[in-house]
$ cat my_file-v1.txt   # compact mmCIF, C-alpha atoms
# COMPACT_ATOMS: atom_id res chain seq x y z
CA MET Y 1 10.17 7.57 9.50
CA ILE Y 2 8.59 10.13 7.16
CA PHE Y 3 10.44 12.93 8.98
CA LEU Y 4 13.57 10.91 9.61
CA ALA Y 5 14.35 10.50 5.89
CA PRO Y 6 14.95 14.22 5.11
CA PHE Y 7 16.65 14.73 8.48
CA LEU Y 8 19.22 11.97 7.91
CA PHE Y 9 19.66 12.90 4.23
CA ARG Y 10 21.79 15.88 5.35
CA PHE Y 11 24.44 13.71 6.96
CA ASP Y 12 27.19 11.67 5.44
CA GLY Y 13 28.13 8.15 6.43
CA GLY Y 14 25.63 5.50 7.49
CA TYR Y 15 22.93 8.07 8.25
CA SER Y 16 22.35 8.95 4.62
CA ASN Y 17 22.19 5.23 3.84
CA ILE Y 18 19.35 4.92 6.35
CA SER Y 19 17.67 7.92 4.72
CA TYR Y 20 17.97 6.30 1.28
CA PHE Y 21 16.58 3.08 2.78
CA ILE Y 22 13.51 4.93 4.15
CA TYR Y 23 12.87 6.75 0.85
CA ASN Y 24 13.10 3.42 -0.92
CA ILE Y 25 10.63 1.75 1.47
CA PHE Y 26 7.98 4.37 0.76
CA SER Y 27 8.69 4.49 -2.97
CA SER Y 28 6.46 1.47 -3.62
CA THR Y 29 3.42 3.20 -2.15
CA CYS Y 30 4.01 6.84 -3.14
CA HIS Y 31 5.23 8.73 -6.23
CA GLN Y 32 7.42 11.01 -4.02
CA ILE Y 33 7.35 13.84 -6.61
CA ASP Y 34 9.43 16.70 -5.25
CA GLU Y 35 7.08 19.59 -6.11
CA ARG Y 36 4.12 17.73 -4.60
CA SER Y 37 5.89 17.06 -1.30
CA PHE Y 38 6.53 19.04 1.85
CA HIS Y 39 10.16 19.74 2.61
CA LEU Y 40 12.12 19.58 5.83
CA PHE Y 41 15.80 20.51 6.26
CA GLY Y 42 15.95 21.20 2.52
CA SER Y 43 14.81 17.72 1.49
CA LYS Y 44 11.36 16.34 0.69
CA LEU Y 45 9.55 14.17 3.23
CA ALA Y 46 9.55 10.43 2.53
CA VAL Y 47 6.03 10.71 1.05
CA CYS Y 48 4.08 13.29 -0.98
CA SER Y 49 1.75 15.84 0.64
CA ARG Y 50 -1.38 13.73 0.04
CA CYS Y 51 0.17 10.59 1.55
CA PHE Y 52 1.50 12.67 4.44
CA ALA Y 53 -2.05 13.88 5.09
CA VAL Y 54 -3.43 10.33 4.84
CA TYR Y 55 -0.85 8.96 7.32
CA SER Y 56 -1.26 11.92 9.71
CA GLY Y 57 -5.06 11.67 9.63
CA PHE Y 58 -4.79 7.92 10.15
CA LEU Y 59 -2.52 8.32 13.18
CA LEU Y 60 -4.73 11.01 14.69
CA SER Y 61 -7.83 8.90 14.16
CA VAL Y 62 -6.22 5.83 15.77
CA PHE Y 63 -5.36 7.88 18.86
CA VAL Y 64 -8.82 9.44 19.09
CA TYR Y 65 -10.74 6.22 18.25
CA PRO Y 66 -10.93 4.90 21.87
CA LEU Y 67 -12.61 8.14 22.96
CA PHE Y 68 -15.59 7.49 20.67
CA TYR Y 69 -15.78 3.71 20.31
CA LYS Y 70 -15.20 0.70 22.56
CA LEU Y 71 -12.07 -1.20 21.64
CA ASN Y 72 -14.09 -4.40 21.11
CA ASN Y 73 -16.40 -2.65 18.64
CA GLU Y 74 -16.74 -4.62 15.41
CA LYS Y 75 -19.36 -2.44 13.76
CA MET Y 76 -18.12 -0.44 10.80
CA PRO Y 77 -19.72 2.85 9.73
CA PRO Y 78 -21.95 2.80 6.61
CA SER Y 79 -19.90 2.19 3.46
CA TRP Y 80 -21.29 5.28 1.69
CA ILE Y 81 -19.13 7.47 3.98
CA LEU Y 82 -16.03 5.68 2.74
CA LEU Y 83 -17.17 5.90 -0.88
CA ILE Y 84 -17.79 9.66 -0.63
CA VAL Y 85 -14.36 10.29 0.92
CA VAL Y 86 -12.65 8.12 -1.71
CA ALA Y 87 -14.64 9.91 -4.44
CA PHE Y 88 -13.27 13.28 -3.23
CA LEU Y 89 -9.76 11.86 -3.27
CA ILE Y 90 -10.18 10.48 -6.79
CA LEU Y 91 -11.81 13.68 -8.05
CA ASP Y 92 -9.00 15.82 -6.65
CA GLY Y 93 -6.31 13.70 -8.28
CA GLY Y 94 -8.24 12.63 -11.38
CA LEU Y 95 -9.41 16.09 -12.45
CA ASP Y 96 -5.85 17.38 -12.02
CA LEU Y 97 -4.54 14.52 -14.11
CA LEU Y 98 -7.06 15.29 -16.86
CA GLY Y 99 -6.13 18.99 -16.74
CA ILE Y 100 -9.65 20.08 -15.74
CA PHE Y 101 -8.77 21.34 -12.28
CA LYS Y 102 -5.41 22.18 -10.75
CA ASN Y 103 -5.18 20.72 -7.28
CA THR Y 104 -3.14 22.44 -4.60
CA PHE Y 105 -1.39 21.48 -1.37
CA PHE Y 106 -4.59 22.62 0.38
CA THR Y 107 -6.94 20.32 -1.57
CA ARG Y 108 -4.50 17.40 -1.29
CA ILE Y 109 -4.23 17.90 2.48
CA ILE Y 110 -8.01 18.17 2.95
CA THR Y 111 -8.93 15.15 0.81
CA GLY Y 112 -5.97 13.12 2.10
CA SER Y 113 -6.57 13.79 5.78
CA LEU Y 114 -10.29 13.09 5.40
CA ALA Y 115 -9.44 9.69 3.96
CA GLY Y 116 -6.85 9.09 6.69
CA ILE Y 117 -9.31 9.94 9.45
CA ILE Y 118 -12.05 7.72 8.00
CA LEU Y 119 -9.95 4.61 7.25
CA PRO Y 120 -9.35 3.43 10.87
CA LEU Y 121 -13.11 3.45 11.49
CA TYR Y 122 -13.27 0.51 9.04
CA ILE Y 123 -9.91 -1.08 9.71
CA ILE Y 124 -9.88 -1.21 13.54
CA PRO Y 125 -13.26 -3.03 13.78
CA GLY Y 126 -11.97 -5.42 11.10
CA PHE Y 127 -8.85 -6.27 13.09
CA THR Y 128 -10.88 -6.50 16.31
CA GLY Y 129 -13.18 -8.99 14.58
CA PHE Y 130 -10.20 -10.92 13.23
CA VAL Y 131 -8.65 -11.26 16.70
CA ARG Y 132 -12.02 -12.36 18.12
CA GLU Y 133 -12.42 -14.98 15.37
CA ILE Y 134 -8.94 -16.36 16.03
CA LYS Y 135 -9.67 -16.47 19.80
CA ASP Y 136 -12.98 -18.28 19.12
CA TYR Y 137 -11.20 -20.74 16.86
CA PHE Y 138 -8.69 -21.71 19.55
CA LYS Y 139 -11.39 -21.76 22.21
CA ASN Y 140 -13.48 -24.18 20.12
CA LYS Y 141 -10.43 -26.29 19.38
CA LYS Y 142 -9.54 -26.47 23.05
CA SER Y 143 -13.09 -27.38 24.10
CA SER Y 144 -13.32 -30.10 21.44
CA LEU Y 145 -10.17 -31.81 22.75
CA MET H 1 -22.47 -22.70 10.97
CA ASN H 2 -22.05 -22.72 7.20
CA ASN H 3 -22.63 -25.82 5.15
CA ILE H 4 -19.31 -27.20 3.96
CA ASN H 5 -20.66 -27.24 0.39
CA SER H 6 -21.21 -23.50 0.46
CA VAL H 7 -17.57 -22.68 1.32
CA PRO H 8 -16.25 -20.78 -1.70
CA ASN H 9 -13.02 -21.35 -3.58
CA LYS H 10 -10.74 -18.84 -1.90
CA LEU H 11 -7.81 -19.29 -4.27
CA GLN H 12 -9.51 -17.50 -7.17
CA PRO H 13 -10.08 -14.19 -5.31
CA VAL H 14 -6.49 -14.30 -4.09
CA LEU H 15 -5.23 -14.76 -7.67
CA TYR H 16 -7.42 -11.95 -9.03
CA GLY H 17 -6.38 -9.65 -6.18
CA ALA H 18 -2.70 -10.39 -6.77
CA LEU H 19 -3.05 -9.83 -10.52
CA ILE H 20 -4.68 -6.44 -9.98
CA MET H 21 -1.99 -5.37 -7.47
CA THR H 22 0.74 -6.50 -9.87
CA ALA H 23 -0.83 -4.86 -12.93
CA VAL H 24 -1.19 -1.55 -11.09
CA SER H 25 2.42 -1.71 -9.88
CA VAL H 26 4.00 -2.79 -13.15
CA LEU H 27 2.01 -1.49 -16.13
CA PRO H 28 2.95 2.07 -17.16
CA VAL H 29 -0.48 3.68 -17.75
CA ILE H 30 -2.47 1.85 -15.07
CA SER H 31 0.22 2.63 -12.49
CA VAL H 32 -1.20 6.16 -12.39
CA VAL H 33 -3.53 4.72 -9.72
CA ASN H 34 -0.50 4.68 -7.41
CA LEU H 35 -0.56 8.48 -7.51
CA PHE H 36 -3.23 8.08 -4.85
CA CYS H 37 -0.75 6.79 -2.30
CA CYS H 38 -0.97 3.03 -1.99
CA ALA H 39 -4.31 2.87 -3.83
CA GLY H 40 -3.10 0.22 -6.28
CA ILE H 41 -2.27 -2.25 -3.53
CA LEU H 42 -5.43 -1.41 -1.56
CA LEU H 43 -7.42 -1.97 -4.76
CA GLY H 44 -5.98 -5.49 -5.04
CA GLY H 45 -7.17 -6.48 -1.55
CA PHE H 46 -10.47 -4.70 -2.14
CA SER H 47 -11.14 -6.52 -5.42
CA GLY H 48 -10.11 -9.86 -3.87
CA ILE H 49 -13.07 -9.46 -1.50
CA TYR H 50 -15.28 -8.37 -4.42
CA PHE H 51 -14.53 -11.64 -6.24
CA LEU H 52 -15.00 -13.67 -3.06
CA ASN H 53 -18.33 -11.93 -2.51
CA ARG H 54 -19.38 -12.68 -6.09
CA GLN H 55 -18.69 -16.37 -5.55
CA ILE H 56 -20.82 -16.59 -2.45
CA SER H 57 -23.80 -14.67 -3.81
CA GLY H 58 -26.85 -16.87 -3.29
CA SER H 59 -25.18 -19.02 -0.63
CA GLU H 60 -25.40 -18.61 3.12
CA TYR H 61 -21.67 -18.13 3.51
CA LYS H 62 -20.70 -14.85 5.13
CA ILE H 63 -17.29 -13.31 4.59
CA SER H 64 -15.44 -13.26 7.91
CA ASN H 65 -12.66 -10.95 9.06
CA THR H 66 -10.31 -13.93 8.79
CA ASP H 67 -11.31 -14.30 5.12
CA ALA H 68 -10.47 -10.63 4.60
CA VAL H 69 -7.07 -10.97 6.29
CA MET H 70 -6.23 -14.15 4.37
CA THR H 71 -7.34 -12.78 0.99
CA GLY H 72 -5.48 -9.47 1.44
CA ALA H 73 -2.32 -11.03 2.87
CA LEU H 74 -2.05 -13.86 0.34
CA SER H 75 -2.77 -11.52 -2.59
CA GLY H 76 -0.05 -9.24 -1.22
CA VAL H 77 2.51 -12.02 -0.84
CA LEU H 78 1.80 -13.37 -4.33
CA SER H 79 1.92 -9.90 -5.83
CA ALA H 80 5.20 -9.11 -4.04
CA VAL H 81 6.74 -12.22 -5.63
CA LEU H 82 5.35 -11.29 -9.06
CA VAL H 83 6.38 -7.62 -8.91
CA SER H 84 9.89 -8.45 -7.71
CA GLY H 85 10.19 -11.20 -10.32
CA ILE H 86 9.08 -8.90 -13.13
CA GLY H 87 11.47 -6.21 -11.86
CA LEU H 88 14.32 -8.73 -11.93
CA LEU H 89 13.43 -9.86 -15.47
CA LEU H 90 13.22 -6.26 -16.68
CA MET H 91 16.66 -5.58 -15.20
CA LEU H 92 18.09 -8.73 -16.79
CA PHE H 93 16.68 -8.08 -20.26
CA SER H 94 17.10 -4.32 -20.31
CA LYS H 95 20.09 -3.03 -22.26
CA ASN H 96 20.41 0.03 -20.01
CA ASN H 97 21.74 0.09 -16.47
CA PRO H 98 18.82 1.52 -14.40
CA PHE H 99 21.15 3.10 -11.83
CA ILE H 100 23.12 4.96 -14.51
CA GLU H 101 19.80 6.12 -16.01
CA MET H 102 18.66 7.33 -12.57
CA ASN H 103 21.93 9.20 -12.09
CA LYS H 104 21.49 10.89 -15.48
CA LEU H 105 17.95 11.89 -14.55
CA PHE H 106 19.17 13.41 -11.28
CA GLN H 107 21.86 15.36 -13.09
CA GLU H 108 19.28 16.66 -15.58
CA PHE H 109 17.28 18.09 -12.69
CA ASN H 110 20.42 19.42 -10.98
CA LEU H 111 19.93 17.14 -8.00
CA SER H 112 22.63 15.27 -6.15
CA PHE H 113 22.84 12.42 -3.68
CA PRO H 114 24.95 12.59 -0.52
CA GLN H 115 28.32 10.97 -1.00
CA GLU H 116 27.39 7.71 0.74
CA VAL H 117 24.18 7.24 -1.23
CA GLU H 118 26.10 7.92 -4.41
CA LYS H 119 28.63 5.29 -3.35
CA GLN H 120 25.78 2.87 -2.72
CA MET H 121 24.26 3.66 -6.13
CA ASN H 122 27.63 3.09 -7.77
CA SER H 123 28.06 -0.25 -6.06
CA LEU H 124 24.55 -1.31 -7.20
CA SER H 125 25.40 -0.10 -10.68
CA ASP H 126 28.63 -2.16 -10.63
CA GLU H 127 26.61 -5.24 -9.66
CA VAL H 128 24.34 -4.69 -12.70
CA SER H 129 27.36 -4.36 -14.98
CA LYS H 130 28.89 -7.51 -13.51
CA TYR H 131 25.90 -9.87 -13.20
CA GLY H 132 23.27 -8.24 -15.41
CA PHE H 133 21.22 -7.46 -12.29
CA SER H 134 21.84 -6.21 -8.77
CA PRO H 135 21.37 -9.00 -6.19
CA THR H 136 21.44 -6.49 -3.32
CA PHE H 137 18.70 -4.36 -4.86
CA VAL H 138 16.57 -7.36 -5.85
CA ILE H 139 16.71 -8.86 -2.34
CA PHE H 140 16.03 -5.49 -0.69
CA ASP H 141 13.14 -4.80 -3.08
CA PHE H 142 11.65 -8.25 -2.50
CA VAL H 143 11.79 -7.99 1.31
CA LYS H 144 10.29 -4.49 1.16
CA ASN H 145 7.45 -5.65 -1.11
CA LEU H 146 6.88 -8.70 1.07
CA VAL H 147 6.12 -6.40 4.00
CA MET H 148 4.26 -3.57 2.25
CA TYR H 149 2.01 -5.50 -0.15
CA PRO H 150 0.36 -7.88 2.35
CA LEU H 151 -0.05 -5.03 4.85
CA PHE H 152 -1.85 -2.72 2.42
CA GLY H 153 -3.61 -5.73 0.87
CA ILE H 154 -5.20 -6.54 4.25
CA LEU H 155 -6.30 -2.91 4.67
CA GLY H 156 -7.89 -2.99 1.20
CA ALA H 157 -9.61 -6.28 2.02
CA PHE H 158 -11.14 -4.82 5.21
CA LEU H 159 -12.46 -1.88 3.21
CA GLY H 160 -13.85 -4.34 0.66
CA LYS H 161 -15.54 -6.34 3.40
CA SER H 162 -17.17 -3.22 4.79
CA VAL H 163 -18.54 -2.32 1.35
CA PHE H 164 -19.61 -5.72 0.02
CA THR H 165 -20.77 -7.69 3.04
CA LYS H 166 -23.60 -5.29 3.82
CA LYS H 167 -24.99 -5.82 0.32
CA THR H 168 -25.33 -9.54 0.93
CA GLY H 169 -26.86 -8.80 4.33
$ encode --input "my_file-v1.txt" --output "structure tokens"
Amino acid sequence: MIFLAPFLFRFDGGYSNISYFIYNIFSSTCHQIDERSFHLFGSKLAVCSRCFAVYSGFLLSVFVYPLFYKLNNEKMPPSWILLIVVAFLILDGGLDLLGIFKNTFFTRIITGSLAGIILPLYIIPGFTGFVREIKDYFKNKKSSL
Amino acid sequence: MNNINSVPNKLQPVLYGALIMTAVSVLPVISVVNLFCCAGILLGGFSGIYFLNRQISGSEYKISNTDAVMTGALSGVLSAVLVSGIGLLLMLFSKNNPFIEMNKLFQEFNLSFPQEVEKQMNSLSDEVSKYGFSPTFVIFDFVKNLVMYPLFGILGAFLGKSVFTKKTG
């Protein structure tokens, strides 16, 4: 969808409506500032460069996850790893906002993709645990009947 | 098995989480948090778990993954309603037509929409002139928020669980 928005933006008719629809969907989670976004076919992607890195890292990590962990794994990595990665992300954006340090596409990509890669390591075990809890709930309900 | 008396009030964390998500989405200065992608919405789910964890400190209750999903999702749904409602009120009580303002802004930056998008913008703008708000935009915005907010709220809640549950051991 991130790539589809600039691609369809070039066309007239219903296609550009779909493009507008996609841009609008992502607008609630991303600032979509033109000069902070990658461009494709002359239009910006549906999200900024940092968000693009987060989503790409996330996708990559989800695909690679089964190679390193069992799919029924519910153990999350230590929380300090998450805090360090988030701290880098906040520092990169925050220092730029305060005018102390000018971040670049490179720093946004590095900090964003790091966060994207790390996030599934906490989220997938959470969802696995959630599914197991729901299964247990129905199992217990069934056995109590 | 937890004692029934130790089960915390789960409504309060949901309310706090939703308020944080809404504040970050609506208030001008705080909304800078959204520069970090969906951080504002994640923060809502995350803080919902923080408040839930604060309630259970000292008790034997352990936050489950289901608690995280429920807190994040419900905070997200409530926040989606609030954000869309506030957006609607702002549109109703604002003297300016937001779509005309957006068009002006685009012209200032020498940007243009494709013809169809411009047509769509004009039709939304006509709705605002006619009814004082755009029903199409409000419904679209609400449905979009109803999907995005709970989704990111749940992700934030899982992150919160991973950070706070280890502290309680």
$ atom_distance --input "my_file-v1.txt" --atom1 "CA of Ser162 (chain H)" --atom2 "CA of Leu82 (chain Y)"
9.2 Å
$ closest_residue --input "my_file-v1.txt" --among "Y:Lys142, Y:Thr104, Y:Pro120, Y:Asp136" --to "Leu59 (chain Y)" --atoms "all atoms listed in the file"
Y:Pro120
$ interface_residues --input "my_file-v1.txt" --of "chain Y" --to "chain H" --cutoff "8 Å" --atoms "all atoms listed in the file" --output "PyMOL selection string"
chain Y and resi 9-14+16-17+20+25+28-31+50-51+76+78-79+89-90+93+122-123+126-127+129-130+133-134
$ write_last_selection --input "my_file-v1.txt" --atoms "C-alpha atoms" --output "compact mmCIF listing (two decimals), keeping the file's coordinate frame"
# COMPACT_ATOMS: atom_id res chain seq x y z
CA PHE Y 9 19.66 12.90 4.23
CA ARG Y 10 21.79 15.88 5.35
CA PHE Y 11 24.44 13.71 6.96
CA ASP Y 12 27.19 11.67 5.44
CA GLY Y 13 28.13 8.15 6.43
CA GLY Y 14 25.63 5.50 7.49
CA SER Y 16 22.35 8.95 4.62
CA ASN Y 17 22.19 5.23 3.84
CA TYR Y 20 17.97 6.30 1.28
CA ILE Y 25 10.63 1.75 1.47
CA SER Y 28 6.46 1.47 -3.62
CA THR Y 29 3.42 3.20 -2.15
CA CYS Y 30 4.01 6.84 -3.14
CA HIS Y 31 5.23 8.73 -6.23
CA ARG Y 50 -1.38 13.73 0.04
CA CYS Y 51 0.17 10.59 1.55
CA MET Y 76 -18.12 -0.44 10.80
CA PRO Y 78 -21.95 2.80 6.61
CA SER Y 79 -19.90 2.19 3.46
CA LEU Y 89 -9.76 11.86 -3.27
CA ILE Y 90 -10.18 10.48 -6.79
CA GLY Y 93 -6.31 13.70 -8.28
CA TYR Y 122 -13.27 0.51 9.04
CA ILE Y 123 -9.91 -1.08 9.71
CA GLY Y 126 -11.97 -5.42 11.10
CA PHE Y 127 -8.85 -6.27 13.09
CA GLY Y 129 -13.18 -8.99 14.58
CA PHE Y 130 -10.20 -10.92 13.23
CA GLU Y 133 -12.42 -14.98 15.37
CA ILE Y 134 -8.94 -16.36 16.03
$ closest_residue --input "my_file-v1.txt" --among "H:Gly153, H:Leu146, H:Met91, H:Gly58" --to "Ser134 (chain H)" --atoms "all atoms listed in the file"
H:Met91
$ atom_distance --input "my_file-v1.txt" --atom1 "CA of Ala5 (chain Y)" --atom2 "CA of Leu78 (chain H)"
28.8 Å
$ atom_distance --input "my_file-v1.txt" --atom1 "CA of Phe46 (chain H)" --atom2 "CA of Phe21 (chain Y)"
28.6 Å
$ residues_around --input "my_file-v1.txt" --residues "Phe58 (chain Y)" --least-positions-apart "3" --cutoff "10 Å" --atoms "only C-alpha atoms" --output "PDB file with C-alpha atoms, keeping the file's coordinate frame"
ATOM      1  CA  PHE Y  52       1.500  12.670   4.440  1.00  0.00           C
ATOM      2  CA  ALA Y  53      -2.050  13.880   5.090  1.00  0.00           C
ATOM      3  CA  VAL Y  54      -3.430  10.330   4.840  1.00  0.00           C
ATOM      4  CA  TYR Y  55      -0.850   8.960   7.320  1.00  0.00           C
ATOM      5  CA  SER Y  61      -7.830   8.900  14.160  1.00  0.00           C
ATOM      6  CA  VAL Y  62      -6.220   5.830  15.770  1.00  0.00           C
ATOM      7  CA  PHE Y  63      -5.360   7.880  18.860  1.00  0.00           C
ATOM      8  CA  VAL Y  64      -8.820   9.440  19.090  1.00  0.00           C
ATOM      9  CA  GLY Y 112      -5.970  13.120   2.100  1.00  0.00           C
ATOM     10  CA  SER Y 113      -6.570  13.790   5.780  1.00  0.00           C
ATOM     11  CA  LEU Y 114     -10.290  13.090   5.400  1.00  0.00           C
ATOM     12  CA  ALA Y 115      -9.440   9.690   3.960  1.00  0.00           C
ATOM     13  CA  GLY Y 116      -6.850   9.090   6.690  1.00  0.00           C
ATOM     14  CA  ILE Y 117      -9.310   9.940   9.450  1.00  0.00           C
ATOM     15  CA  ILE Y 118     -12.050   7.720   8.000  1.00  0.00           C
ATOM     16  CA  LEU Y 119      -9.950   4.610   7.250  1.00  0.00           C
ATOM     17  CA  PRO Y 120      -9.350   3.430  10.870  1.00  0.00           C
ATOM     18  CA  LEU Y 121     -13.110   3.450  11.490  1.00  0.00           C
TER      19      LEU Y 121
END
$ closest_residue --input "my_file-v1.txt" --among "Y:Ser49, Y:Asn72, Y:Asn140, Y:Thr128" --to "Ile110 (chain Y)" --atoms "only C-alpha atoms"
Y:Ser49
$ closest_residue --input "my_file-v1.txt" --among "Y:Ser27, Y:Phe88, Y:Leu60, Y:Asp34" --to "Thr107 (chain Y)" --atoms "only C-alpha atoms"
Y:Phe88
$ residues_near_point --input "my_file-v1.txt" --point "(10.5, -8.0, -6.3)" --cutoff "8 Å" --atoms "only C-alpha atoms" --output "list in words"
Ala80, Val81, Leu82, Val83, Ser84, Gly85, Ile86, Gly87, Leu88, Val138, Ile139, Asp141, Phe142, Val143 and Asn145 of chain H
$ closest_residue --input "my_file-v1.txt" --among "H:Ile100, H:Leu105, H:Ile63, H:Ala23" --to "Lys10 (chain H)" --atoms "all atoms listed in the file"
H:Ile63
$ axis_aligned_box --input "my_file-v1.txt" --around "region 80-90 of chain Y" --padding-each-side "3 Å" --output "lines of an AutoDock Vina configuration file"
center_x = -15.5
center_y = 9.3
center_z = -1.4
size_x = 17.5
size_y = 14.0
size_z = 16.8
$ closest_residue --input "my_file-v1.txt" --among "Y:Ile81, Y:Leu71, Y:Ala87, Y:Leu145" --to "Pro125 (chain Y)" --atoms "only C-alpha atoms"
Y:Leu71
